[in-house]
$ cat start27.cif   # mmCIF, C-alpha atoms and all ligand atoms
data_final
loop_
_atom_site.label_atom_id
_atom_site.label_comp_id
_atom_site.auth_asym_id
_atom_site.auth_seq_id
_atom_site.Cartn_x
_atom_site.Cartn_y
_atom_site.Cartn_z
CA MET U 1159 -12.71 21.30 36.45
CA ASN U 1160 -10.97 21.34 39.83
CA LYS U 1161 -12.81 23.04 42.64
CA ILE U 1162 -11.51 26.38 43.85
CA LYS U 1163 -10.02 25.76 47.29
CA VAL U 1164 -10.88 28.53 49.72
CA LEU U 1165 -9.45 29.35 53.13
CA ILE U 1166 -11.54 31.66 55.31
CA ALA U 1167 -9.76 34.02 57.71
CA ASP U 1168 -11.94 36.05 60.04
CA ASP U 1169 -11.72 36.53 63.80
CA ILE U 1170 -15.49 36.32 64.26
CA GLU U 1171 -16.72 32.76 64.22
CA GLU U 1172 -20.22 33.73 63.16
CA THR U 1173 -18.93 35.51 60.07
CA ARG U 1174 -16.92 32.42 59.14
CA ASN U 1175 -20.01 30.27 59.51
CA VAL U 1176 -22.09 32.58 57.31
CA ILE U 1177 -19.43 32.53 54.63
CA LYS U 1178 -19.16 28.75 54.84
CA LYS U 1179 -22.92 28.45 54.40
CA ILE U 1180 -22.89 30.71 51.35
CA LEU U 1181 -20.01 28.88 49.75
CA LYS U 1182 -21.67 25.53 50.34
CA LEU U 1183 -24.39 26.64 47.95
CA ASP U 1184 -21.85 26.41 45.16
CA LYS U 1185 -20.17 23.23 46.28
CA GLU U 1186 -19.80 22.07 42.69
CA ASN U 1187 -17.15 24.73 42.13
CA ILE U 1188 -15.92 25.84 45.51
CA GLU U 1189 -14.54 23.93 48.46
CA VAL U 1190 -13.72 25.40 51.85
CA VAL U 1191 -10.45 23.79 52.86
CA GLY U 1192 -9.80 25.57 56.14
CA GLU U 1193 -10.46 28.49 58.45
CA ALA U 1194 -8.43 30.71 60.72
CA ASP U 1195 -9.16 33.40 63.28
CA ASN U 1196 -6.01 35.45 62.92
CA GLY U 1197 -3.34 36.26 60.36
CA GLU U 1198 -0.70 34.08 61.89
CA GLU U 1199 -3.00 31.08 61.89
CA VAL U 1200 -3.65 31.61 58.18
CA PHE U 1201 0.02 31.46 57.58
CA LYS U 1202 0.34 28.18 59.44
CA ILE U 1203 -2.54 26.53 57.60
CA ILE U 1204 -1.58 27.50 54.05
CA PRO U 1205 1.11 24.84 53.53
CA LYS U 1206 -1.24 22.18 54.90
CA VAL U 1207 -4.41 22.92 52.96
CA LYS U 1208 -2.88 24.60 49.90
CA PRO U 1209 -5.70 27.01 49.14
CA ASP U 1210 -6.17 28.78 45.83
CA VAL U 1211 -7.92 31.69 47.47
CA VAL U 1212 -7.75 33.19 50.96
CA LEU U 1213 -10.77 35.24 51.99
CA MET U 1214 -9.15 37.61 54.45
CA ASP U 1215 -10.74 39.90 56.97
CA ILE U 1216 -8.78 43.12 57.16
CA ASN U 1217 -8.95 43.55 60.95
CA MET U 1218 -7.75 40.56 62.87
CA PRO U 1219 -5.74 40.11 66.05
CA VAL U 1220 -2.11 38.87 66.27
CA LEU U 1221 -1.23 39.44 62.65
CA ASN U 1222 -3.70 41.67 60.89
CA GLY U 1223 -5.06 41.10 57.41
CA LEU U 1224 -2.77 43.59 55.72
CA GLU U 1225 0.42 42.15 57.11
CA ALA U 1226 -0.77 38.61 56.51
CA THR U 1227 -1.62 39.49 52.89
CA GLU U 1228 1.83 40.87 52.29
CA LYS U 1229 3.47 37.82 53.80
CA ILE U 1230 1.31 35.40 51.84
CA THR U 1231 1.79 37.06 48.49
CA THR U 1232 5.55 37.10 48.98
CA GLU U 1233 5.92 33.56 50.21
CA TYR U 1234 3.08 31.88 48.36
CA PRO U 1235 2.67 33.95 45.20
CA SER U 1236 0.21 31.53 43.66
CA VAL U 1237 -2.27 32.00 46.52
CA MET U 1238 -4.79 34.74 45.77
CA VAL U 1239 -5.90 36.92 48.64
CA ILE U 1240 -9.34 38.54 48.57
CA ILE U 1241 -9.78 41.12 51.31
CA MET U 1242 -13.09 41.44 53.12
CA SER U 1243 -13.88 44.68 54.85
CA VAL U 1244 -16.67 47.06 55.76
CA GLN U 1245 -17.25 50.20 53.74
CA ALA U 1246 -15.69 52.43 56.40
CA GLU U 1247 -12.32 50.84 55.83
CA SER U 1248 -11.99 51.98 52.22
CA GLU U 1249 -8.59 53.57 52.83
CA TYR U 1250 -7.40 50.21 54.05
CA LEU U 1251 -8.71 48.56 50.94
CA LYS U 1252 -6.38 50.52 48.72
CA LYS U 1253 -3.56 49.58 51.01
CA ALA U 1254 -4.55 45.94 50.88
CA MET U 1255 -4.36 45.92 47.11
CA PHE U 1256 -1.00 47.55 47.44
CA HIS U 1257 0.08 44.78 49.77
CA GLY U 1258 -0.71 42.21 47.13
CA ALA U 1259 -4.41 41.42 47.57
CA LYS U 1260 -5.96 40.47 44.25
CA GLU U 1261 -9.47 41.75 44.96
CA TYR U 1262 -11.67 43.06 47.74
CA ILE U 1263 -15.23 42.61 48.75
CA ILE U 1264 -17.35 44.83 50.99
CA LYS U 1265 -19.24 43.33 53.91
CA PRO U 1266 -22.06 42.50 54.22
CA PHE U 1267 -22.20 40.65 50.92
CA ASN U 1268 -24.75 38.44 49.32
CA TYR U 1269 -24.40 35.07 47.67
CA ASN U 1270 -23.92 36.39 44.15
CA THR U 1271 -21.25 38.95 44.98
CA LEU U 1272 -19.19 36.50 47.01
CA ILE U 1273 -19.30 33.64 44.55
CA GLU U 1274 -18.70 35.90 41.59
CA THR U 1275 -15.77 37.67 43.22
CA ILE U 1276 -14.12 34.37 44.07
CA THR U 1277 -14.62 32.76 40.67
CA THR U 1278 -13.69 35.72 38.52
CA THR U 1279 -10.62 36.56 40.61
CA TYR U 1280 -9.54 32.95 40.48
CA GLU U 1281 -9.95 32.65 36.73
CA LYS U 1282 -8.30 35.96 35.94
CA CYS U 1283 -5.27 35.24 38.10
CA ARG U 1284 -4.92 31.64 36.97
CA GLU U 1285 -4.84 32.72 33.38
CA ARG U 1286 -2.10 35.20 34.13
CA GLN U 1287 -0.15 32.65 36.13
CA VAL U 1288 -0.34 30.08 33.37
CA LYS U 1289 0.93 32.65 30.91
CA LEU U 1290 3.74 33.69 33.20
CA THR U 1291 4.91 30.27 34.24
CA GLY U 1292 4.42 29.07 30.71
CA SER U 1293 7.08 31.44 29.51
CA ALA U 1294 9.33 31.26 32.55
CA GLU U 1295 9.51 27.51 32.54
CA LYS U 1296 9.83 27.15 28.80
CA VAL U 1297 11.94 24.03 28.52
CA LYS U 1298 14.34 23.32 25.76
CA ASP U 1299 14.11 20.21 23.73
CA ALA U 1300 17.54 19.58 22.32
CA LYS U 1301 18.10 18.59 18.74
CA THR U 1302 20.32 15.56 18.66
CA ILE U 1303 23.04 15.09 16.08
CA ALA U 1304 24.60 11.62 16.09
CA PHE U 1305 27.89 10.89 14.38
CA PHE U 1306 27.99 7.34 13.16
CA SER U 1307 30.13 5.19 10.90
CA SER U 1308 30.24 1.58 9.86
CA LYS U 1309 34.00 1.51 10.19
CA GLY U 1310 36.42 2.84 12.81
CA GLY U 1311 39.11 5.39 12.16
CA VAL U 1312 37.18 7.51 9.69
CA GLY U 1313 37.28 10.66 11.81
CA LYS U 1314 33.92 10.41 13.53
CA SER U 1315 35.24 11.58 16.89
CA VAL U 1316 37.33 14.39 15.42
CA LEU U 1317 34.27 15.65 13.55
CA ALA U 1318 31.96 15.29 16.56
CA VAL U 1319 34.24 17.33 18.84
CA ASN U 1320 34.76 20.07 16.31
CA THR U 1321 31.10 20.25 15.35
CA ALA U 1322 30.15 20.64 19.00
CA ILE U 1323 32.71 23.42 19.43
CA VAL U 1324 31.70 25.29 16.27
CA LEU U 1325 28.01 25.12 17.19
CA SER U 1326 28.71 26.32 20.72
CA LYS U 1327 30.76 29.25 19.48
CA GLU U 1328 28.85 30.39 16.49
CA SER U 1329 25.25 29.89 17.15
CA ASP U 1330 25.28 30.81 20.81
CA LYS U 1331 23.46 27.62 21.55
CA LYS U 1332 23.88 25.49 24.63
CA VAL U 1333 25.56 22.34 23.45
CA LEU U 1334 26.28 19.00 25.08
CA LEU U 1335 28.83 16.64 23.55
CA MET U 1336 28.23 13.05 24.65
CA ASP U 1337 30.83 10.41 24.07
CA MET U 1338 28.70 7.35 23.55
CA ASP U 1339 31.48 5.27 22.09
CA LEU U 1340 31.26 3.48 25.40
CA GLN U 1341 34.05 1.03 24.68
CA PHE U 1342 36.62 3.10 22.88
CA GLY U 1343 35.51 6.64 23.48
CA ASP U 1344 38.33 9.04 22.95
CA ILE U 1345 36.76 12.46 23.18
CA SER U 1346 38.66 12.93 26.45
CA MET U 1347 41.91 12.38 24.59
CA LEU U 1348 40.91 14.80 21.86
CA VAL U 1349 40.45 17.58 24.44
CA ASN U 1350 43.37 16.44 26.60
CA LYS U 1351 41.34 15.72 29.73
CA TYR U 1352 42.04 12.42 31.39
CA ASN U 1353 40.91 12.72 34.95
CA GLU U 1354 37.45 14.09 34.52
CA LYS U 1355 34.32 12.28 35.66
CA THR U 1356 32.63 10.03 33.13
CA ILE U 1357 29.21 8.59 32.38
CA LEU U 1358 30.27 5.52 34.35
CA ASP U 1359 30.90 7.59 37.50
CA ALA U 1360 27.44 9.12 37.25
CA VAL U 1361 25.88 5.68 36.79
CA GLU U 1362 27.88 4.08 39.62
CA ASP U 1363 27.03 6.91 41.98
CA GLY U 1364 23.35 6.57 41.07
CA GLN U 1365 23.19 10.19 39.97
CA ILE U 1366 21.39 10.03 36.66
CA ASP U 1367 17.84 10.69 37.79
CA SER U 1368 17.84 14.40 37.18
CA TYR U 1369 19.88 17.00 35.39
CA GLU U 1370 20.83 18.55 38.73
CA ASN U 1371 22.44 15.25 39.68
CA ILE U 1372 24.10 14.69 36.32
CA LYS U 1373 25.54 18.20 36.06
CA PRO U 1374 28.57 17.66 38.36
CA TYR U 1375 29.67 14.83 36.06
CA LEU U 1376 29.86 17.06 33.01
CA TYR U 1377 33.04 18.79 31.95
CA LYS U 1378 32.63 22.46 31.08
CA TYR U 1379 34.61 23.03 27.91
CA ASN U 1380 33.42 26.59 27.39
CA ASN U 1381 30.44 28.69 28.43
CA ASN U 1382 28.14 27.00 25.96
CA LEU U 1383 29.62 23.54 25.73
CA ASP U 1384 29.59 20.71 28.26
CA ILE U 1385 31.06 17.29 27.64
CA PHE U 1386 29.92 13.96 29.07
CA PHE U 1387 32.92 11.66 28.75
CA ALA U 1388 32.81 7.95 28.00
CA PRO U 1389 34.13 5.48 30.59
CA GLN U 1390 37.89 4.94 30.57
CA LYS U 1391 37.62 1.15 30.59
CA PRO U 1392 36.01 -0.79 27.73
CA GLU U 1393 34.37 -3.36 30.02
CA ALA U 1394 32.31 -0.61 31.61
CA ALA U 1395 30.14 -0.42 28.51
CA GLU U 1396 28.04 -3.33 29.67
CA TYR U 1397 26.87 -1.43 32.76
CA ILE U 1398 25.49 1.32 30.63
CA THR U 1399 22.36 -0.03 29.09
CA LYS U 1400 19.86 1.47 26.75
CA GLU U 1401 17.60 2.18 29.76
CA THR U 1402 20.43 4.09 31.44
CA ILE U 1403 20.93 6.26 28.40
CA GLU U 1404 17.21 6.81 28.07
CA LYS U 1405 17.12 8.02 31.66
CA ILE U 1406 20.06 10.37 31.12
CA MET U 1407 18.61 11.78 27.93
CA LYS U 1408 15.16 12.40 29.35
CA ASP U 1409 16.27 15.27 31.54
CA VAL U 1410 19.41 16.35 29.80
CA ARG U 1411 17.64 17.16 26.55
CA LYS U 1412 15.59 19.82 28.30
CA GLU U 1413 18.74 21.74 29.19
CA TYR U 1414 20.47 22.07 25.83
CA ASP U 1415 19.72 23.34 22.36
CA VAL U 1416 21.88 20.73 20.71
CA ILE U 1417 23.28 17.38 21.82
CA VAL U 1418 26.11 16.08 19.68
CA VAL U 1419 26.73 12.37 20.15
CA ASP U 1420 29.78 10.41 19.11
CA THR U 1421 28.62 6.81 18.83
CA GLY U 1422 30.39 3.47 18.72
CA ILE U 1423 30.50 1.50 15.51
CA ASN U 1424 28.22 -1.31 16.64
CA PHE U 1425 24.51 -1.32 15.98
CA ASN U 1426 23.80 -2.26 19.60
CA ASP U 1427 20.73 -1.30 21.65
CA SER U 1428 22.24 1.88 23.04
CA THR U 1429 23.43 3.05 19.66
CA LEU U 1430 20.09 2.24 18.11
CA TYR U 1431 18.33 4.22 20.80
CA ILE U 1432 20.53 7.24 20.08
CA LEU U 1433 20.05 6.88 16.33
CA ASP U 1434 16.31 6.61 16.82
CA MET U 1435 16.02 9.73 18.91
CA ALA U 1436 18.44 11.79 16.80
CA GLN U 1437 17.06 14.34 14.38
CA LYS U 1438 20.19 14.08 12.28
CA ILE U 1439 22.56 11.19 11.78
CA LEU U 1440 25.84 12.15 10.19
CA MET U 1441 27.18 9.02 8.59
CA VAL U 1442 30.92 9.50 8.28
CA SER U 1443 33.06 7.80 5.67
CA THR U 1444 36.46 8.30 4.15
CA MET U 1445 37.30 7.94 0.48
CA GLU U 1446 38.78 4.52 0.96
CA ILE U 1447 36.91 1.89 -1.02
CA MET U 1448 36.32 -0.36 2.02
CA ALA U 1449 34.89 2.51 4.01
CA LEU U 1450 32.67 3.55 1.11
CA LYS U 1451 31.38 0.01 0.70
CA ASN U 1452 30.57 -0.32 4.42
CA THR U 1453 28.96 3.08 4.41
CA LYS U 1454 26.69 2.07 1.58
CA LEU U 1455 25.64 -1.01 3.54
CA GLY U 1456 25.13 1.06 6.68
CA LEU U 1457 22.95 3.54 4.79
CA LYS U 1458 20.85 0.66 3.47
CA VAL U 1459 20.28 -0.60 7.02
CA MET U 1460 19.19 2.88 8.07
CA GLU U 1461 16.82 3.11 5.15
CA SER U 1462 15.37 -0.28 6.01
CA VAL U 1463 14.59 0.84 9.56
CA GLY U 1464 12.75 3.84 8.21
CA TYR U 1465 15.23 6.70 8.59
CA ASP U 1466 14.71 9.03 5.66
CA LYS U 1467 17.17 11.19 3.75
CA ASP U 1468 16.20 14.17 5.83
CA LYS U 1469 17.54 12.43 8.89
CA VAL U 1470 20.58 10.61 7.53
CA LYS U 1471 23.32 12.70 5.97
CA LEU U 1472 26.52 11.45 4.44
CA VAL U 1473 29.77 13.18 5.36
CA ILE U 1474 32.91 12.33 3.44
CA ASN U 1475 35.91 12.99 5.63
CA ARG U 1476 39.54 13.20 4.50
CA PHE U 1477 38.47 14.18 1.03
CA ASN U 1478 41.41 14.46 -1.31
CA VAL U 1479 41.42 14.27 -5.09
CA LYS U 1480 44.77 12.53 -4.83
CA TYR U 1481 42.88 9.42 -3.79
CA GLY U 1482 41.67 8.98 -7.36
CA ILE U 1483 37.96 9.74 -6.99
CA ASN U 1484 36.48 13.20 -7.43
CA LYS U 1485 33.51 14.81 -5.63
CA LYS U 1486 31.16 14.21 -8.53
CA GLU U 1487 31.98 10.54 -8.62
CA VAL U 1488 31.40 10.15 -4.89
CA GLU U 1489 28.11 12.03 -5.12
CA GLU U 1490 26.96 9.79 -7.92
CA ALA U 1491 27.79 6.68 -5.94
CA PHE U 1492 25.24 7.65 -3.26
CA LYS U 1493 21.70 8.28 -4.36
CA ASP U 1494 21.04 10.95 -1.75
CA GLY U 1495 24.27 12.79 -2.44
CA VAL U 1496 26.84 14.07 0.05
CA PHE U 1497 25.99 16.52 2.81
CA ALA U 1498 29.59 17.69 3.39
CA PHE U 1499 33.11 17.02 2.18
CA ILE U 1500 35.75 17.60 4.84
CA PRO U 1501 39.23 17.89 3.30
CA ASP U 1502 42.14 15.72 4.22
CA GLU U 1503 44.65 17.78 6.12
CA GLU U 1504 46.82 15.23 7.72
CA LYS U 1505 49.45 17.41 9.33
CA THR U 1506 47.06 19.88 10.92
CA VAL U 1507 44.68 17.21 12.15
CA ILE U 1508 47.32 14.89 13.55
CA VAL U 1509 49.06 17.72 15.39
CA SER U 1510 45.72 18.79 16.83
CA VAL U 1511 44.88 15.23 17.89
CA ASN U 1512 48.29 14.66 19.44
CA LYS U 1513 48.22 17.92 21.37
CA GLY U 1514 44.67 17.37 22.50
CA ILE U 1515 43.63 20.76 21.19
CA PRO U 1516 40.70 20.49 18.79
CA LEU U 1517 41.16 22.33 15.51
CA CYS U 1518 38.21 24.58 16.10
CA HIS U 1519 39.33 25.53 19.60
CA ASP U 1520 41.17 28.41 18.07
CA ASP U 1521 39.70 31.00 15.76
CA LYS U 1522 42.70 30.42 13.48
CA TYR U 1523 40.86 27.39 12.17
CA TYR U 1524 38.86 29.57 9.84
CA LYS U 1525 41.98 29.95 7.76
CA LEU U 1526 42.32 26.20 7.29
CA LYS U 1527 40.46 24.37 4.58
CA VAL U 1528 39.31 21.78 7.07
CA GLY U 1529 38.07 24.50 9.44
CA LYS U 1530 36.14 26.26 6.70
CA ALA U 1531 34.51 23.00 5.64
CA LEU U 1532 33.50 22.23 9.24
CA ASP U 1533 32.09 25.68 9.62
CA GLU U 1534 30.06 25.31 6.46
CA MET U 1535 28.82 21.91 7.54
CA CYS U 1536 27.61 23.36 10.85
CA LYS U 1537 25.83 26.19 9.05
CA SER U 1538 24.06 23.65 6.83
CA LEU U 1539 23.17 21.66 9.93
CA ILE U 1540 21.58 24.64 11.62
CA LYS U 1541 19.66 25.37 8.44
CA ALA U 1542 18.58 21.75 8.16
CA PHE U 1543 16.84 21.80 11.57
N1 LIG U 1601 40.01 15.64 7.95
C1 LIG U 1601 41.05 14.90 8.35
N2 LIG U 1601 42.26 15.04 7.73
C2 LIG U 1601 43.28 14.29 8.11
N3 LIG U 1601 43.25 13.37 9.08
C3 LIG U 1601 42.10 13.18 9.73
C4 LIG U 1601 40.94 13.94 9.40
N4 LIG U 1601 39.96 13.54 10.22
C5 LIG U 1601 40.47 12.57 11.02
N5 LIG U 1601 41.75 12.35 10.72
C6 LIG U 1601 42.63 11.34 11.35
O1 LIG U 1601 41.91 10.17 11.55
C7 LIG U 1601 42.18 9.67 12.84
C8 LIG U 1601 40.98 8.93 13.36
O2 LIG U 1601 39.96 9.85 13.68
P1 LIG U 1601 38.87 9.52 14.79
O3 LIG U 1601 38.01 10.72 14.87
O4 LIG U 1601 39.50 9.04 16.01
O5 LIG U 1601 38.11 8.34 14.06
P2 LIG U 1601 36.84 7.47 14.55
O6 LIG U 1601 36.23 8.19 15.68
O7 LIG U 1601 35.97 7.40 13.36
O8 LIG U 1601 37.40 6.15 14.92
C9 LIG U 1601 42.57 10.87 13.65
O9 LIG U 1601 43.46 10.55 14.65
C10 LIG U 1601 43.17 11.80 12.66
O10 LIG U 1601 44.55 11.64 12.69
MG MG U 1602 36.12 7.52 17.72
#
$ encode --input "start27.cif" --output "structure tokens"
Amino acid sequence: MNKIKVLIADDIEETRNVIKKILKLDKENIEVVGEADNGEEVFKIIPKVKPDVVLMDINMPVLNGLEATEKITTEYPSVMVIIMSVQAESEYLKKAMFHGAKEYIIKPFNYNTLIETITTTYEKCRERQVKLTGSAEKVKDAKTIAFFSSKGGVGKSVLAVNTAIVLSKESDKKVLLMDMDLQFGDISMLVNKYNEKTILDAVEDGQIDSYENIKPYLYKYNNNLDIFFAPQKPEAAEYITKETIEKIMKDVRKEYDVIVVDTGINFNDSTLYILDMAQKILMVSTMEIMALKNTKLGLKVMESVGYDKDKVKLVINRFNVKYGINKKEVEEAFKDGVFAFIPDEEKTVIVSVNKGIPLCHDDKYYKLKVGKALDEMCKSLIKAF
């Protein structure tokens, strides 16, 4: 256990010496880290010696014990003040407690009373502080949903954007959408924002060490959704290594409930890192036979690296019976079934893509089949966590 660090404040040197002597008897648990002969001095020493407890005489010159107590408890709330006074000052004692002192002790005191007062006050207050800070600093640990596909053009980015929007609107969660298709990321196009800062800017400016630094590089789509855009030039991808992404994720994940990632189609180090850390991988495929074949291969790779069916979910996008295969047949082709079918609605989707207004931006989307399916998929996702 760490020793309790005590600062003694009393204007009479002899009293300080007596207290020091007493406290030395319990040097296993208590350490005197400093002394002061007036309230102002105490205030100067605190930042230097960082005491846990200040033993404070109530009557001191310059700044008296009461005023000093008030100042300390406001500016250094974790420092516990124990007031020392003689019996005659009992009115003052009440005041001292009112000014933020945690305990008081009447002079003259013996070894037992002093040690016991210090240790019990310390323990009681520490416990409370731990409880308080424990809840105040409760950090989030975002769930990560990665959209992946073994073939381009299947609708991965369209689904990622809309999923992020639906989650941010419906579940009142703080969501980050990360465009990790570092070469051909087009989330910015899908939300019609071309001049916003990107991951590359944050990396080039050396601002990825903390969330505070990263924040100015995020685009605020709505109150609950931020977007981290991919670089605008494909060659930039090589500057953004797995280590870079790891660094970004470390802090960012504490700030959001959900991180939705749109990944590139290569199984490179960065993608693998994202897939590894993700709680859910949504493997997107269309009904086209080539896409289905590649998806099957991709799912096999995932299985071989140990991702189970709880983590990897198949999403069939652009579902349309006109393409000659029905839902049942698709389900049967994949042993773990299909997590969601998103209908093919060419006109609506293309108009939305061309305008740069995501389908789910507007509440009208509930009326569309594609919107309903997305909404249902998000509900299943929330349930699946
Ligand atoms: N459900 C859908 N219905 C109709 N067209 C879609 C649908 N989803 C995506 N698309 C079309 O597919 C194109 C490619 O989508 P995109 O998300 O860019 O694919 P990826 O990110 O997998 O390369 C889009 O421009 C859109 O026109
Ligand atoms: Mg894409």
$ residues_around --input "start27.cif" --residues "His1257 of chain U" --least-positions-apart "5" --cutoff "10 Å" --atoms "all atoms listed in the file" --output "JSON, numbers by chain"
{"U": [1223, 1224, 1225, 1226, 1227, 1228, 1229, 1230, 1231, 1232, 1239, 1251, 1252]}
$ residues_near_ligand --input "start27.cif" --ligand "ligand LIG 1601 (chain U)" --cutoff "7 Å" --atoms "only C-alpha atoms and all ligand atoms" --output "number ranges by chain"
U: 1307, 1309-1317, 1475-1476, 1500-1504, 1507-1508, 1511, 1528
$ closest_atom_pairs --input "start27.cif" --of "chain U" --to "ligand MG 1602 (chain U)" --cutoff "12 Å" --atoms "all atoms listed in the file" --output "Markdown table"
| residue | atom | partner | partner_atom | distance |
| --- | --- | --- | --- | --- |
| U:Phe1305 | CA | U:MG1602 | MG | 9.5 |
| U:Phe1306 | CA | U:MG1602 | MG | 9.3 |
| U:Ser1307 | CA | U:MG1602 | MG | 9.4 |
| U:Ser1308 | CA | U:MG1602 | MG | 11.5 |
| U:Lys1309 | CA | U:MG1602 | MG | 9.9 |
| U:Gly1310 | CA | U:MG1602 | MG | 6.8 |
| U:Gly1311 | CA | U:MG1602 | MG | 6.7 |
| U:Val1312 | CA | U:MG1602 | MG | 8.1 |
| U:Gly1313 | CA | U:MG1602 | MG | 6.8 |
| U:Lys1314 | CA | U:MG1602 | MG | 5.5 |
| U:Ser1315 | CA | U:MG1602 | MG | 4.2 |
| U:Val1316 | CA | U:MG1602 | MG | 7.3 |
| U:Leu1317 | CA | U:MG1602 | MG | 9.3 |
| U:Ala1318 | CA | U:MG1602 | MG | 8.9 |
| U:Val1319 | CA | U:MG1602 | MG | 10.1 |
| U:Met1336 | CA | U:MG1602 | MG | 11.9 |
| U:Asp1337 | CA | U:MG1602 | MG | 8.8 |
| U:Met1338 | CA | U:MG1602 | MG | 9.4 |
| U:Asp1339 | CA | U:MG1602 | MG | 6.8 |
| U:Leu1340 | CA | U:MG1602 | MG | 9.9 |
| U:Gln1341 | CA | U:MG1602 | MG | 9.7 |
| U:Phe1342 | CA | U:MG1602 | MG | 6.8 |
| U:Gly1343 | CA | U:MG1602 | MG | 5.9 |
| U:Asp1344 | CA | U:MG1602 | MG | 5.9 |
| U:Ile1345 | CA | U:MG1602 | MG | 7.4 |
| U:Ser1346 | CA | U:MG1602 | MG | 10.6 |
| U:Met1347 | CA | U:MG1602 | MG | 10.2 |
| U:Leu1348 | CA | U:MG1602 | MG | 9.6 |
| U:Ala1388 | CA | U:MG1602 | MG | 10.8 |
| U:Val1419 | CA | U:MG1602 | MG | 10.8 |
| U:Asp1420 | CA | U:MG1602 | MG | 7.1 |
| U:Thr1421 | CA | U:MG1602 | MG | 7.6 |
| U:Gly1422 | CA | U:MG1602 | MG | 7.1 |
| U:Ile1423 | CA | U:MG1602 | MG | 8.5 |
| U:Asn1424 | CA | U:MG1602 | MG | 11.9 |
| U:Val1442 | CA | U:MG1602 | MG | 11.0 |
| U:Val1511 | CA | U:MG1602 | MG | 11.7 |
$ residues_around --input "start27.cif" --residues "Lys1327 of chain U" --least-positions-apart "4" --cutoff "10 Å" --atoms "all atoms listed in the file" --output "list in words"
Thr1321, Ala1322, Ile1323, Lys1331, Lys1332, Val1333, Asn1380, Asn1381, Asn1382, Leu1383, Cys1518, His1519 and Asp1521 of chain U
$ residues_around --input "start27.cif" --residues "Tyr1379 of chain U" --least-positions-apart "5" --cutoff "10 Å" --atoms "only C-alpha atoms" --output "list in words"
Ile1323, Ser1326, Leu1334, Leu1335, Val1349, Asp1384, Ile1385 and His1519 of chain U
$ closest_residue --input "start27.cif" --among "U:Phe1256, U:Ile1276, U:Ile1216, U:Ile1241" --to "Lys1161 of chain U" --atoms "all atoms listed in the file"
U:Ile1276
$ decode --input "start27.cif" --residues "segment 1188-1197 of chain U" --atoms "N, CA, C and O atoms" --output "compact mmCIF listing (two decimals), in the first residue's frame"
# COMPACT_ATOMS: atom_id res chain seq x y z
N ILE U 1188 2.64 6.14 7.16
CA ILE U 1188 2.48 7.59 7.02
C ILE U 1188 3.83 8.25 6.74
O ILE U 1188 4.84 7.88 7.33
N GLU U 1189 3.80 9.22 5.85
CA GLU U 1189 5.04 9.93 5.53
C GLU U 1189 4.78 11.43 5.60
O GLU U 1189 3.82 11.92 4.99
N VAL U 1190 5.60 12.14 6.33
CA VAL U 1190 5.44 13.60 6.37
C VAL U 1190 6.18 14.18 5.17
O VAL U 1190 7.38 14.01 5.02
N VAL U 1191 5.43 14.85 4.30
CA VAL U 1191 6.07 15.31 3.06
C VAL U 1191 6.39 16.81 3.09
O VAL U 1191 7.06 17.32 2.20
N GLY U 1192 5.89 17.50 4.13
CA GLY U 1192 6.22 18.93 4.18
C GLY U 1192 5.59 19.58 5.40
O GLY U 1192 4.77 18.99 6.09
N GLU U 1193 6.07 20.82 5.69
CA GLU U 1193 5.45 21.57 6.78
C GLU U 1193 5.37 23.05 6.42
O GLU U 1193 6.14 23.54 5.58
N ALA U 1194 4.43 23.73 7.08
CA ALA U 1194 4.24 25.14 6.78
C ALA U 1194 3.83 25.86 8.05
O ALA U 1194 3.23 25.25 8.94
N ASP U 1195 4.18 27.17 8.13
CA ASP U 1195 3.80 27.88 9.36
C ASP U 1195 2.69 28.90 9.14
O ASP U 1195 2.34 29.65 10.04
N ASN U 1196 2.14 28.94 7.96
CA ASN U 1196 0.92 29.74 7.77
C ASN U 1196 0.13 29.21 6.56
O ASN U 1196 0.66 28.43 5.76
N GLY U 1197 -1.10 29.66 6.47
CA GLY U 1197 -2.01 29.14 5.44
C GLY U 1197 -1.53 29.37 4.02
O GLY U 1197 -1.74 28.54 3.13
